[in-house]
Each structure stands twice: as C-alpha cells, then as structure tokens.
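final-v2.txt, holding compact mmCIF, C-alpha atoms:
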```txt
# COMPACT_ATOMS: atom_id res chain seq x y z
CA MET A 1 33.54 19.68 11.06
CA LYS A 2 35.52 16.80 12.55
CA ASN A 3 33.93 15.14 15.62
CA LYS A 4 30.84 17.35 15.48
CA LYS A 5 27.64 15.59 16.53
CA VAL A 6 24.63 15.11 14.27
CA PHE A 7 21.15 14.16 15.46
CA ILE A 8 18.70 12.82 12.87
CA LYS A 9 14.98 12.59 13.68
CA THR A 10 13.04 10.47 11.20
CA PHE A 11 9.32 10.73 10.52
CA GLY A 12 7.10 8.43 8.46
CA CYS A 13 7.89 5.45 6.30
CA GLN A 14 10.62 2.83 6.19
CA MET A 15 12.14 4.55 3.16
CA ASN A 16 12.77 7.62 5.31
CA GLU A 17 14.54 5.39 7.83
CA TYR A 18 16.70 4.00 5.03
CA ASP A 19 17.36 7.55 3.76
CA SER A 20 18.36 8.75 7.24
CA ASN A 21 20.92 5.96 7.52
CA ARG A 22 22.36 6.89 4.12
CA ILE A 23 22.43 10.58 5.03
CA TYR A 24 24.52 9.67 8.05
CA ASP A 25 26.83 7.46 5.95
CA ASN A 26 27.39 10.57 3.82
CA VAL A 27 27.89 13.25 6.51
CA SER A 28 30.18 10.93 8.47
CA ASN A 29 32.69 11.52 5.65
CA LEU A 30 32.81 15.13 6.84
CA GLY A 31 33.61 13.96 10.36
CA PHE A 32 30.11 14.09 11.85
CA ILE A 33 29.34 11.54 14.57
CA LYS A 34 25.79 10.35 15.20
CA THR A 35 24.33 11.12 18.62
CA GLU A 36 21.12 10.09 20.38
CA ASP A 37 21.34 13.19 22.59
CA GLN A 38 19.14 15.63 20.70
CA ALA A 39 19.88 18.49 23.09
CA ASN A 40 23.62 18.49 22.31
CA ALA A 41 24.27 18.41 18.57
CA GLU A 42 26.05 20.73 16.17
CA CYS A 43 23.75 19.60 13.34
CA TYR A 44 20.05 18.73 13.68
CA ILE A 45 18.28 17.00 10.78
CA LEU A 46 14.52 16.50 10.48
CA ASN A 47 13.75 13.88 7.83
CA THR A 48 10.10 14.60 7.16
CA CYS A 49 7.07 12.78 5.74
CA HIS A 50 4.18 14.38 3.85
CA ILE A 51 1.72 11.48 4.02
CA ARG A 52 0.06 12.15 7.37
CA ASP A 53 -2.27 15.02 8.25
CA LYS A 54 -0.82 18.47 9.02
CA ALA A 55 2.69 17.27 8.14
CA LYS A 56 3.97 20.80 7.47
CA GLU A 57 2.68 22.22 10.75
CA LYS A 58 4.22 19.32 12.68
CA VAL A 59 7.61 20.31 11.26
CA TYR A 60 7.27 23.91 12.47
CA HIS A 61 6.07 22.65 15.86
CA GLU A 62 9.16 20.41 16.06
CA ILE A 63 11.43 23.35 15.20
CA GLY A 64 9.78 25.38 17.98
CA ARG A 65 10.66 22.58 20.39
CA ILE A 66 14.27 22.53 19.14
CA LYS A 67 14.54 26.29 19.67
CA LYS A 68 13.67 25.79 23.33
CA LEU A 69 16.24 23.00 23.67
CA TYR A 70 18.99 25.28 22.38
CA ARG A 71 17.82 28.56 23.94
CA GLU A 72 20.89 28.76 26.17
CA LYS A 73 23.23 27.04 23.73
CA LYS A 74 24.78 27.61 20.35
CA LYS A 75 22.23 27.05 17.61
CA PRO A 76 22.76 23.81 15.62
CA ILE A 77 22.81 23.72 11.83
CA MET A 78 19.09 23.18 11.22
CA ILE A 79 18.30 20.96 8.21
CA VAL A 80 14.81 20.04 7.03
CA ALA A 81 14.96 17.06 4.68
CA GLY A 82 12.42 14.73 3.10
CA CYS A 83 9.04 15.09 1.46
CA VAL A 84 7.81 18.16 3.35
CA ALA A 85 11.05 19.89 2.35
CA GLN A 86 10.43 18.90 -1.28
CA ALA A 87 6.84 20.17 -1.21
CA GLU A 88 7.54 23.47 0.59
CA ASN A 89 11.16 24.16 -0.54
CA ASP A 90 12.26 27.82 -0.23
CA GLU A 91 8.96 28.81 1.44
CA MET A 92 10.29 27.12 4.58
CA LEU A 93 13.37 29.33 4.60
CA LYS A 94 11.17 32.41 4.29
CA ARG A 95 8.75 31.38 7.03
CA GLU A 96 11.24 30.03 9.57
CA PRO A 97 14.64 31.81 9.79
CA TYR A 98 15.87 29.11 12.21
CA ILE A 99 16.13 26.70 9.24
CA ASP A 100 19.51 26.76 7.48
CA ILE A 101 19.14 24.10 4.78
CA VAL A 102 16.13 22.60 2.99
CA ILE A 103 16.87 19.45 1.00
CA GLY A 104 14.53 17.12 -0.90
CA PRO A 105 14.75 13.31 -1.10
CA GLN A 106 16.40 13.29 -4.53
CA ALA A 107 19.22 15.61 -3.46
CA TYR A 108 20.71 13.84 -0.44
CA HIS A 109 23.95 13.25 -2.31
CA LYS A 110 24.47 17.03 -2.21
CA ILE A 111 24.14 17.42 1.56
CA ASN A 112 27.91 17.52 2.20
CA ASP A 113 28.36 20.36 -0.29
CA LEU A 114 25.48 22.21 1.35
CA LEU A 115 27.06 21.77 4.77
CA LYS A 116 30.39 23.10 3.49
CA LYS A 117 28.68 26.14 1.98
CA HIS A 118 26.84 26.70 5.26
CA GLU A 119 30.14 27.70 6.80
CA LEU A 120 29.91 30.73 4.51
CA ASN A 121 26.63 31.65 6.31
CA ARG A 122 24.42 30.95 3.33
CA LYS A 123 20.80 29.77 3.55
CA GLN A 124 20.27 27.01 0.99
CA GLU A 125 17.47 25.10 -0.70
CA GLU A 126 18.06 22.02 -2.88
CA THR A 127 14.98 20.25 -4.18
CA GLU A 128 15.80 19.36 -7.77
CA PHE A 129 14.84 15.83 -8.87
CA ASP A 130 18.16 14.13 -9.54
CA THR A 131 17.46 10.50 -8.68
CA ILE A 132 20.02 8.87 -10.97
CA SER A 133 22.86 11.04 -9.68
CA LYS A 134 21.76 10.49 -6.10
CA PHE A 135 21.87 6.70 -6.27
CA GLY A 136 25.04 6.78 -8.36
CA TYR A 137 26.66 8.83 -5.58
CA PHE A 138 25.46 6.60 -2.74
CA ASP A 139 26.48 3.44 -4.59
CA LYS A 140 30.07 4.54 -3.95
CA ILE A 141 29.51 5.01 -0.21
CA LYS A 142 29.49 1.97 2.06
CA ASN A 143 26.19 1.29 3.79
CA ASN A 144 27.18 0.98 7.46
CA ASN A 145 23.79 -0.13 8.76
CA SER A 146 24.44 -3.11 11.03
CA LYS A 147 20.91 -3.89 12.19
CA ILE A 148 19.66 -7.47 12.16
CA SER A 149 16.66 -6.31 10.12
CA ALA A 150 17.75 -3.88 7.39
CA PHE A 151 15.96 -1.77 4.79
CA LEU A 152 17.16 -1.54 1.20
CA THR A 153 15.63 0.90 -1.30
CA ILE A 154 15.34 -0.58 -4.78
CA GLN A 155 12.86 1.83 -6.36
CA GLU A 156 11.69 5.41 -5.82
CA GLY A 157 8.92 7.61 -7.10
CA CYS A 158 5.51 6.92 -8.55
CA ASP A 159 3.80 7.19 -11.94
CA LYS A 160 0.33 6.16 -10.73
CA PHE A 161 -0.94 9.65 -9.77
CA CYS A 162 -3.68 8.55 -7.37
CA HIS A 163 -5.78 11.67 -6.86
CA PHE A 164 -5.17 11.77 -3.09
CA CYS A 165 -1.41 11.19 -3.12
CA VAL A 166 1.46 13.67 -3.02
CA VAL A 167 4.26 11.13 -3.66
CA PRO A 168 4.66 11.82 -7.43
CA TYR A 169 5.28 15.48 -6.54
CA THR A 170 7.67 14.87 -3.64
CA ARG A 171 9.57 11.77 -4.85
CA GLY A 172 9.25 12.25 -8.61
CA PRO A 173 8.70 9.67 -11.38
CA GLU A 174 9.38 5.96 -10.91
CA TYR A 175 13.05 5.04 -10.96
CA SER A 176 14.49 1.55 -10.51
CA ARG A 177 18.07 1.12 -9.35
CA PRO A 178 20.48 -1.08 -11.34
CA PHE A 179 20.13 -4.73 -10.34
CA ASN A 180 23.83 -5.29 -9.61
CA LYS A 181 24.05 -2.14 -7.44
CA ILE A 182 21.19 -3.42 -5.29
CA ILE A 183 22.85 -6.82 -4.94
CA ASN A 184 26.16 -5.18 -3.99
CA GLU A 185 24.43 -3.20 -1.25
CA ALA A 186 22.54 -6.28 -0.07
CA GLU A 187 25.81 -8.19 0.22
CA GLN A 188 27.26 -5.34 2.27
CA LEU A 189 24.25 -5.40 4.61
CA ILE A 190 24.58 -9.17 5.01
CA LYS A 191 28.30 -8.72 5.73
CA ASN A 192 27.31 -6.13 8.36
CA GLY A 193 25.12 -8.73 10.07
CA ALA A 194 21.69 -8.36 8.45
CA LYS A 195 19.58 -11.52 8.72
CA GLU A 196 16.49 -9.93 7.23
CA ILE A 197 16.25 -7.48 4.32
CA THR A 198 13.14 -5.50 3.43
CA LEU A 199 13.14 -4.21 -0.15
CA LEU A 200 11.64 -0.72 -0.30
CA GLY A 201 9.93 1.45 -2.86
CA GLN A 202 6.95 3.76 -3.21
CA ASN A 203 5.74 1.13 -5.72
CA VAL A 204 8.26 -1.54 -4.89
CA ASN A 205 6.65 -4.24 -7.04
CA ALA A 206 6.83 -1.92 -10.06
CA TYR A 207 10.62 -2.39 -9.96
CA SER A 208 11.89 -2.84 -13.52
CA TYR A 209 15.50 -2.46 -14.62
CA ARG A 210 16.66 -3.26 -18.15
CA GLU A 211 20.19 -4.15 -19.11
CA ASN A 212 21.36 -5.69 -22.41
CA SER A 213 17.74 -6.31 -23.48
CA LYS A 214 17.05 -8.26 -20.26
CA GLU A 215 14.48 -7.03 -17.75
CA PHE A 216 15.06 -7.51 -14.02
CA ARG A 217 11.96 -7.50 -11.81
CA ILE A 218 11.54 -7.64 -8.04
CA SER A 219 11.08 -11.40 -8.43
CA ASN A 220 14.66 -11.62 -9.76
CA LEU A 221 15.92 -9.77 -6.71
CA ILE A 222 14.01 -12.08 -4.36
CA TYR A 223 15.28 -15.24 -6.07
CA HIS A 224 18.85 -13.92 -5.93
CA LEU A 225 18.67 -12.94 -2.25
CA ASN A 226 17.12 -16.31 -1.44
CA GLN A 227 20.49 -17.91 -2.26
CA TYR A 228 22.46 -16.25 0.57
CA SER A 229 22.78 -18.71 3.44
CA GLU A 230 23.42 -15.96 6.02
CA LEU A 231 20.16 -14.21 5.10
CA LYS A 232 17.14 -15.73 6.84
CA ARG A 233 14.20 -13.56 5.76
CA ILE A 234 13.10 -11.39 2.83
CA ARG A 235 10.26 -8.84 2.78
CA TYR A 236 9.17 -5.98 0.53
CA THR A 237 6.93 -2.90 0.83
CA THR A 238 4.92 -0.97 -0.34
CA SER A 239 3.12 -2.64 -3.24
CA HIS A 240 0.44 -1.64 -5.71
CA PRO A 241 -2.26 -4.19 -6.68
CA LYS A 242 -1.75 -3.40 -10.39
CA ASP A 243 1.87 -4.61 -10.17
CA MET A 244 1.28 -7.95 -8.42
CA THR A 245 2.50 -9.89 -11.44
CA GLU A 246 2.50 -13.68 -11.77
CA ASP A 247 6.30 -13.91 -11.46
CA LEU A 248 6.13 -12.16 -8.08
CA ILE A 249 3.21 -14.29 -6.92
CA GLU A 250 5.15 -17.45 -7.87
CA CYS A 251 7.98 -16.40 -5.53
CA TYR A 252 5.75 -17.40 -2.62
CA SER A 253 5.81 -21.02 -3.76
CA SER A 254 9.55 -21.37 -4.32
CA CYS A 255 11.35 -18.81 -2.13
CA LYS A 256 11.25 -20.13 1.42
CA LYS A 257 12.86 -17.00 2.84
CA LEU A 258 10.13 -14.73 1.48
CA MET A 259 7.83 -14.12 4.44
CA PRO A 260 4.11 -15.04 4.03
CA PHE A 261 2.93 -11.54 4.81
CA VAL A 262 1.64 -9.25 2.05
CA HIS A 263 1.06 -5.55 2.67
CA LEU A 264 -1.05 -4.57 -0.33
CA PRO A 265 -2.97 -1.27 -0.01
CA ILE A 266 -6.42 -1.29 -1.59
CA GLN A 267 -7.67 2.03 -0.06
CA SER A 268 -11.37 1.21 -0.59
CA GLY A 269 -13.63 -1.78 -1.13
CA SER A 270 -15.82 0.15 -3.57
CA ASN A 271 -15.04 0.15 -7.30
CA ARG A 272 -16.73 3.53 -7.62
CA MET A 273 -14.38 5.01 -5.03
CA LEU A 274 -11.33 3.32 -6.55
CA GLU A 275 -12.18 4.96 -9.87
CA LEU A 276 -12.62 8.36 -8.19
CA MET A 277 -9.24 7.85 -6.52
CA ASN A 278 -7.64 6.90 -9.88
CA ARG A 279 -6.32 3.68 -8.36
CA LYS A 280 -6.20 1.79 -11.71
CA HIS A 281 -7.42 -1.51 -10.19
CA THR A 282 -10.75 -2.96 -9.14
CA VAL A 283 -11.88 -4.89 -6.08
CA GLU A 284 -12.18 -7.97 -8.31
CA ASP A 285 -8.53 -7.55 -9.40
CA TYR A 286 -7.51 -7.41 -5.75
CA ILE A 287 -9.51 -10.49 -4.76
CA LYS A 288 -7.96 -12.46 -7.64
CA VAL A 289 -4.48 -11.68 -6.27
CA TYR A 290 -5.62 -12.60 -2.76
CA GLU A 291 -7.11 -15.93 -3.88
CA ARG A 292 -4.10 -16.78 -6.06
CA LEU A 293 -1.68 -16.19 -3.18
CA LYS A 294 -3.81 -18.12 -0.69
CA LYS A 295 -3.92 -21.03 -3.12
CA ILE A 296 -0.12 -21.02 -3.35
CA ASN A 297 0.42 -20.72 0.40
CA LYS A 298 -2.41 -20.93 2.96
CA GLU A 299 -0.18 -19.33 5.58
CA ILE A 300 -0.12 -15.98 3.74
CA GLU A 301 -1.84 -13.12 5.56
CA PHE A 302 -2.70 -9.69 4.17
CA SER A 303 -2.57 -6.17 5.54
CA SER A 304 -3.72 -3.03 3.76
CA ASP A 305 -4.33 0.72 3.85
CA PHE A 306 -7.80 2.26 3.91
CA ILE A 307 -8.89 5.84 3.28
CA ILE A 308 -12.23 6.48 4.96
CA GLY A 309 -14.44 9.45 4.07
CA TYR A 310 -12.91 10.13 0.66
CA PRO A 311 -14.86 12.87 -1.18
CA GLY A 312 -18.03 11.36 -2.60
CA GLU A 313 -18.04 8.26 -0.36
CA THR A 314 -21.63 7.07 0.22
CA LYS A 315 -23.01 4.70 2.82
CA ARG A 316 -22.99 1.96 0.17
CA ASP A 317 -19.34 2.64 -0.69
CA PHE A 318 -18.43 2.38 2.98
CA GLU A 319 -20.38 -0.86 3.39
CA ASP A 320 -18.46 -2.33 0.44
CA THR A 321 -15.20 -1.51 2.22
CA TYR A 322 -16.43 -2.98 5.50
CA ASN A 323 -17.57 -6.18 3.77
CA LEU A 324 -14.20 -6.57 2.04
CA ILE A 325 -12.46 -6.30 5.43
CA LYS A 326 -14.74 -9.06 6.75
CA LYS A 327 -14.01 -11.24 3.70
CA ILE A 328 -10.21 -10.97 3.69
CA ARG A 329 -9.64 -10.52 7.45
CA PHE A 330 -6.71 -8.11 7.06
CA ILE A 331 -4.15 -7.96 9.86
CA ASN A 332 -1.86 -5.05 10.86
CA SER A 333 -3.67 -2.60 8.57
CA PHE A 334 -3.65 1.20 8.53
CA SER A 335 -6.83 3.29 8.27
CA PHE A 336 -7.30 7.06 8.20
CA ILE A 337 -9.92 9.68 7.47
CA PHE A 338 -9.21 11.37 4.15
CA SER A 339 -6.97 14.41 4.56
CA PRO A 340 -6.39 16.64 1.50
CA ARG A 341 -2.82 17.21 0.31
CA PRO A 342 -2.08 20.53 -1.43
CA GLY A 343 -1.45 20.11 -5.15
CA THR A 344 -3.38 16.85 -5.52
CA LYS A 345 -6.65 16.56 -7.48
CA ALA A 346 -8.55 15.38 -4.42
CA SER A 347 -7.60 18.54 -2.50
CA LYS A 348 -10.08 20.47 -4.65
CA LEU A 349 -13.01 18.14 -3.93
CA GLU A 350 -15.76 18.71 -1.38
CA MET A 351 -15.20 16.85 1.88
CA ILE A 352 -17.94 14.64 3.32
CA ASN A 353 -19.39 15.35 6.78
CA LYS A 354 -16.63 14.99 9.42
CA ASP A 355 -18.86 13.30 11.99
CA ILE A 356 -19.97 10.69 9.45
CA ALA A 357 -16.33 10.08 8.45
CA LYS A 358 -15.34 9.64 12.11
CA GLN A 359 -18.18 7.17 12.72
CA ARG A 360 -17.14 5.13 9.70
CA LEU A 361 -13.48 5.13 10.74
CA THR A 362 -14.45 3.91 14.22
CA LEU A 363 -16.37 0.97 12.73
CA VAL A 364 -13.52 0.05 10.37
CA GLN A 365 -10.85 0.28 13.05
CA GLU A 366 -12.89 -1.81 15.48
CA LYS A 367 -13.05 -4.56 12.86
CA LEU A 368 -9.39 -4.25 11.85
CA PHE A 369 -8.20 -4.17 15.47
CA ASN A 370 -10.36 -7.21 16.31
CA ASN A 371 -8.72 -9.05 13.42
CA GLN A 372 -5.30 -8.25 14.94
CA ILE A 373 -6.38 -9.32 18.42
CA GLU A 374 -7.84 -12.61 17.16
CA MET A 375 -4.74 -13.33 15.09
CA ASN A 376 -2.48 -12.73 18.08
CA ARG A 377 -4.68 -14.79 20.41
CA SER A 378 -4.52 -17.70 17.97
CA MET A 379 -0.77 -17.83 18.62
CA GLU A 380 -1.08 -18.07 22.41
CA ASN A 381 0.15 -21.39 23.84
CA ASN A 382 1.85 -22.11 20.51
CA ILE A 383 5.55 -22.22 19.63
CA ILE A 384 6.45 -19.78 16.83
CA GLU A 385 9.64 -18.75 15.04
CA VAL A 386 11.03 -15.31 15.93
CA LEU A 387 14.00 -13.47 14.44
CA VAL A 388 15.74 -11.90 17.45
CA GLU A 389 16.70 -8.29 16.67
CA ASN A 390 17.97 -6.84 19.95
CA LYS A 391 17.86 -6.66 23.72
CA MET A 392 15.39 -4.05 24.93
CA LYS A 393 16.78 -0.92 26.55
CA THR A 394 13.99 -0.49 29.09
CA GLN A 395 13.67 -4.03 30.42
CA ASN A 396 15.57 -7.29 30.67
CA LYS A 397 13.77 -8.78 27.67
CA PHE A 398 14.48 -9.41 24.01
CA PHE A 399 12.70 -8.11 20.93
CA GLY A 400 12.00 -9.79 17.63
CA ARG A 401 9.31 -10.35 15.00
CA ASN A 402 7.40 -13.33 13.74
CA LYS A 403 6.83 -14.12 10.06
CA TYR A 404 3.85 -11.74 10.00
CA ILE A 405 6.05 -8.85 11.22
CA SER A 406 4.26 -8.81 14.60
CA PRO A 407 6.47 -7.64 17.50
CA VAL A 408 7.41 -10.34 20.02
CA ILE A 409 8.82 -9.58 23.50
CA PHE A 410 10.28 -12.53 25.36
CA ASP A 411 12.79 -13.86 27.87
CA GLY A 412 15.95 -15.02 26.14
CA VAL A 413 19.74 -14.80 26.04
CA GLU A 414 22.08 -12.43 24.19
CA SER A 415 23.57 -15.25 22.13
CA ASN A 416 20.20 -15.53 20.37
CA ILE A 417 20.46 -12.06 18.78
CA GLY A 418 20.52 -12.48 15.01
CA LYS A 419 19.10 -15.99 15.17
CA ILE A 420 15.65 -17.43 14.56
CA VAL A 421 14.48 -18.98 17.83
CA LYS A 422 11.42 -20.93 18.91
CA VAL A 423 9.32 -18.87 21.31
CA LYS A 424 6.41 -20.17 23.38
CA ILE A 425 3.74 -17.44 23.28
CA GLN A 426 2.06 -16.99 26.66
CA THR A 427 -0.03 -13.82 26.25
CA SER A 428 -0.78 -11.13 23.68
CA ASN A 429 -2.48 -7.79 23.13
CA GLN A 430 -3.57 -6.01 19.97
CA ASN A 431 -0.05 -5.19 18.82
CA THR A 432 2.40 -7.51 20.58
CA LEU A 433 3.06 -11.14 21.49
CA PHE A 434 4.75 -12.09 24.80
CA GLY A 435 6.56 -15.30 25.59
CA LEU A 436 9.80 -17.10 26.36
CA VAL A 437 12.34 -19.06 24.36
CA ASN A 438 11.71 -22.77 24.12
CA LYS A 439 15.12 -24.02 25.26
CA LYS A 440 14.51 -27.53 23.91
CA MET A 441 14.40 -26.20 20.35
CA LYS A 442 17.63 -25.21 18.57
CA ALA A 443 18.05 -21.69 17.19
CA ALA A 444 18.60 -21.34 13.47
```
In structure tokens, how does this file's structure come out?
Amino acid sequence: MKNKKVFIKTFGCQMNEYDSNRIYDNVSNLGFIKTEDQANAECYILNTCHIRDKAKEKVYHEIGRIKKLYREKKKPIMIVAGCVAQAENDEMLKREPYIDIVIGPQAYHKINDLLKKHELNRKQEETEFDTISKFGYFDKIKNNNSKISAFLTIQEGCDKFCHFCVVPYTRGPEYSRPFNKIINEAEQLIKNGAKEITLLGQNVNAYSYRENSKEFRISNLIYHLNQYSELKRIRYTTSHPKDMTEDLIECYSSCKKLMPFVHLPIQSGSNRMLELMNRKHTVEDYIKVYERLKKINKEIEFSSDFIIGYPGETKRDFEDTYNLIKKIRFINSFSFIFSPRPGTKASKLEMINKDIAKQRLTLVQEKLFNNQIEMNRSMENNIIEVLVENKMKTQNKFFGRNKYISPVIFDGVESNIGKIVKVKIQTSNQNTLFGLVNKKMKAA
C-alpha cells in the first residue's frame, strides 16, 4: 500500500475533524499519503455525521457522486466511517455494494487491519464499542496535526439520553481519557505549532478522570494548558448546562488564555419542553450559569443550539424560547426544525405542523442572525485581537478568528501566521469581519 493516496471527506462536528486527522495518522503507517484530489485516490473515506437531517441518504448520494468520478478509473477502497456507519453498520454493505468497509467511531484503531484484510477481497463491518482500546492505540501514534488552531478530544460518548439525540447509540457511554495522555498529546500539538487548542467531547464539561483517588476535571486541564507560554488560546466544546460546575466557571476569572466565548446548548426556553426532551436542566439553571459567568467576566458571550418544532411544542413554549433569546442575546447560534432520529424516543412522537414549525424557525433565526450582525457591527472601526491561522487560497488575504471565534479576513503579512495581531475592523457581515493589520501595534 506504499505511496497510495487517501482522500478523507469529513462531515459534521469538530470531533469528526479530529477523528479524520487521527485516521490519517494511522493509515499513513501503511504508506498512505493524504491527497486533496478526490478524483484520484486509491482509498476514499467518508467520515459521517448523524446529527443533521437525512444523514444516511446524504451518504448514499455522496457515494453515487464518487461512482461517477471513478467511472472510467479503478474503483477506490470505499470506506464509510463515523456515526452513520455506527447506526447503519452491515445494512450499508447490503444496500450499497460499492462500499468495502464500514467502521464506527470507536473502532478507528482497527482500520489498518481492515485495510490489510481488504486485499483478500473481503467486505467488512466493524462497529463494536471499544473506546478504551481505541484511545490506548492512538496514544502510541504521534498526532501530526500542525494547524495553528488544533482540536483535541478529551471525552467521548454521552450518558444523558436526551430523547431527540442519537449520540449515546453512535458514540456509546461517556468515557474520559487519562489526564496525562491528554497533556502528552497537547504538548505534541504545541510542538507542532498549535497556538490554540479546542478541547472536544460530546459532553466535554462532563470530563472526569480518576487516578489514585484524585479526580481530574476539565478545569484541571484548562489550568494546566494555561501554563504553556507557546499556547495563546484555549477553548472547549460542546457543553451541557448540567455540567457547568463552579470549578469550570471559576476558570474564566483566573485563566487568561481561556476565551470568553461559551457555547452552551439549551435547546428550548420552555421548561415543559426541556422536560419532554429529557434535558435534565431548567431554564432557571441555565440563567444562573449565564449570570454567574457574566458577573465573573462581562466580556463573555454565549451561543447555543435550539430545536424548533419539537413534538408537543405550543405557541407559549415557542414564545418562551424567543424571549430567552432576547434576554441573553446569543451570538453564533445554531437552530433547526426538529428532525426525528431512528431509535430515539422522540422518533415515535407525533410531529407538529410543518408550516408552523417553519414559521417559528424563521422568527428565531431572524433574531439570532440580527444578534450576530449587531455584534459584528459593534466591532467596526475598532481594533481587535486576531489569531492568524493561514493565508487564504483564493485571495491575497489572511484568515484568523477573534476571541468570540468569529472569522476575520484581513490584509497582513505571512510572518504574522501563528501570532495574535491587532486588526482594525473596517466592515462586517452576518458571519465575518473584514479589516487590516494595525502596523503600529506589535504582534504577540
């Protein structure tokens, strides 16, 4: 398999992006070389996500597109990985003969063995939950990610069992990696050039690892990472309101590298809906966390996730959600109409009227998008700090993000890559800030 090309297409969350990088670190030991040319690869990997609507059908549509790409060429080894693979497993092999290997998120450490067996012309499915073995395997493989902003998985799985969510069935129960293994990988990423690390988990703030009667929490990881002089920024996602403990909240007062941006999904502003969703927190719990964090640091901004049109949602429930959005003024939030996932409790419930759900989503998104626009406009004609990640491929500009994770496109110089620079913001739109480097101010 030496010098064969592998193309990896990643769907969905940041954890999938992290997983794709680790999959490549693994298959590179077999001699595979990563390519960006998807039409010329000996191995084609789809790392899938099951969160969005019609996730399974999107995979089959993508495979149909790949078939056309390789109609006149030798077929690549076709691998479907990720959460759709976990949910559908051997059914995918039966439905689509073009697929050679189906592998779930907890079995990525077995991908090299599966590739070796493929040479024997065997179709294979591997979707056993084997999280401990997986991380133990990858702990021995160097993480070669050299991006300025790097992801680092510290926790996987979920024990919350929200009635709408498929994660407990595709990622398994909550598992927290050993503290020292995470630190070792973080040090490797910093050595590779990372200036920002985002700690990842399905319930990242539920991280809990015990060793010699001592418990390590995400706050311990943040305090430890805060000590590295080469590291400039720390983030984490995705959190659950129930796990916003006081030790984590206190990090925002003492860890200067922890960015003042909190993505904390609430899903609904109605306690009745939260109970129906089995969210295990109330709106009042959420507001307490919000007020506590704002008291510690007034610069902190929140983003969230909202499910609109969940089964049983009334006009009053929707108004409660809308009023919460007005109160907290979320930025960079995600909102979707409820979409049932097979195997979840909510999939058996009666859907509300589609037109009503669409109308409600439109109102919510108008408010959320206006919040983003107003936030971005407030930065115009101001000088802000931006971590420069790269030079853009399509134009002679540079790309970075501010402390609130908003994209910034600006005129700069290559020597600024990897540094925090002062950028004068000139204009903005809903999603992006535009400006130029303030040359009078030194880069950090």
Counting all atoms listed in the file, which residues of range 394-415 of chain A fall within 12 Å of range 186-210 of chain A, and what is the closest atom pair for each with its distance in Å at one decimal, ordered by chain and rising number, as a tab-separated table?
```
residue	atom	partner	partner_atom	distance
A:Gly400	CA	A:Glu196	CA	11.3
A:Arg401	CA	A:Glu196	CA	10.6
A:Asn402	CA	A:Glu196	CA	11.7
A:Lys403	CA	A:Glu196	CA	10.9
A:Ile405	CA	A:Thr198	CA	11.1
```
For this session: Counting all atoms listed in the file, figure out which residue out of A:Leu115, A:Ile249, A:Cys158, A:Ile331 gets nearest to Ile296 in chain A.
Result: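 Comparing A:Leu115, A:Ile249, A:Cys158, A:Ile331 against Ile296 in chain A, the winner is A:Ile249.
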For this session: Please work out which residues fall within 12 Å of (24.2, 13.9, -9.4), coordinates as given in the file, with all atoms listed in the file counting, and return them as an MDAnalysis selection string.
Result: chainID A and resid 106:111 113 128:139
Exercise. Could you pull the residues within 9 Å of Leu293 in chain A, counting only C-alpha atoms, minus those fewer than 4 positions along the same chain, as a VMD selection string?
Worked result: chain A and resid 249 to 250 252 to 253 288 to 289 297 to 298 300
Seminar exercise, completed: In terms of all atoms listed in the file, the residue from A:Leu248, A:Leu276, A:Cys49, A:Val102 at minimal distance from Glu126 in chain A is A:Val102
For this session: Find the residue from A:Met375, A:Met244, A:Met277, A:Val437 that sits nearest to His263 in chain A; use all atoms listed in the file when measuring.
Result: A:Met244
Exercise. Using all atoms listed in the file, what residues lie at most 7 Å away from (16.0, 23.8, 3.4) (file coordinates), given as a PyMOL selection string?
Worked result: chain A and resi 79-81+85+89-90+92-93+99-103+124-126
Selection export as a tab-separated table (two decimals), in the coordinates of the input, atoms kept: C-alpha atoms:
```tsv
chain	number	residue	atom	x	y	z
A	79	ILE	CA	18.30	20.96	8.21
A	80	VAL	CA	14.81	20.04	7.03
A	81	ALA	CA	14.96	17.06	4.68
A	85	ALA	CA	11.05	19.89	2.35
A	89	ASN	CA	11.16	24.16	-0.54
A	90	ASP	CA	12.26	27.82	-0.23
A	92	MET	CA	10.29	27.12	4.58
A	93	LEU	CA	13.37	29.33	4.60
A	99	ILE	CA	16.13	26.70	9.24
A	100	ASP	CA	19.51	26.76	7.48
A	101	ILE	CA	19.14	24.10	4.78
A	102	VAL	CA	16.13	22.60	2.99
A	103	ILE	CA	16.87	19.45	1.00
A	124	GLN	CA	20.27	27.01	0.99
A	125	GLU	CA	17.47	25.10	-0.70
A	126	GLU	CA	18.06	22.02	-2.88
```
For this session: Determine the nearest neighbour of Phe164 in chain A from the options A:His50, A:Lys358, A:Lys117, A:Lys422, counting only C-alpha atoms.
Result: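 Of A:His50, A:Lys358, A:Lys117, A:Lys422, the one nearest Phe164 in chain A is A:His50, counting only C-alpha atoms.
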Block slice range 396-429 of chain A, C-alpha atoms, emitted as a tab-separated table (two decimals), in the first residue's frame:
```tsv
chain	number	residue	atom	x	y	z
A	396	ASN	CA	-4.31	37.61	-1.22
A	397	LYS	CA	-5.71	37.93	2.30
A	398	PHE	CA	-5.19	36.30	5.67
A	399	PHE	CA	-7.64	34.40	7.86
A	400	GLY	CA	-7.98	34.30	11.62
A	401	ARG	CA	-10.52	34.42	14.44
A	402	ASN	CA	-11.28	36.82	17.24
A	403	LYS	CA	-11.87	35.79	20.85
A	404	TYR	CA	-15.53	35.02	20.04
A	405	ILE	CA	-14.47	32.57	17.29
A	406	SER	CA	-15.79	34.92	14.58
A	407	PRO	CA	-13.90	34.65	11.26
A	408	VAL	CA	-11.75	37.66	10.35
A	409	ILE	CA	-10.39	38.30	6.83
A	410	PHE	CA	-7.74	40.98	6.56
A	411	ASP	CA	-4.67	42.34	4.80
A	412	GLY	CA	-1.49	41.19	6.51
A	413	VAL	CA	1.89	39.54	6.06
A	414	GLU	CA	2.96	35.88	6.19
A	415	SER	CA	5.19	36.47	9.21
A	416	ASN	CA	2.01	37.07	11.24
A	417	ILE	CA	0.77	33.47	10.82
A	418	GLY	CA	0.60	31.87	14.26
A	419	LYS	CA	0.64	35.21	16.05
A	420	ILE	CA	-2.05	37.31	17.68
A	421	VAL	CA	-2.21	40.61	15.79
A	422	LYS	CA	-4.17	43.82	16.19
A	423	VAL	CA	-6.64	44.22	13.33
A	424	LYS	CA	-8.61	47.38	12.54
A	425	ILE	CA	-12.11	46.21	11.54
A	426	GLN	CA	-13.48	48.19	8.61
A	427	THR	CA	-16.64	46.31	7.59
A	428	SER	CA	-18.61	43.21	8.52
A	429	ASN	CA	-21.49	40.98	7.51
```
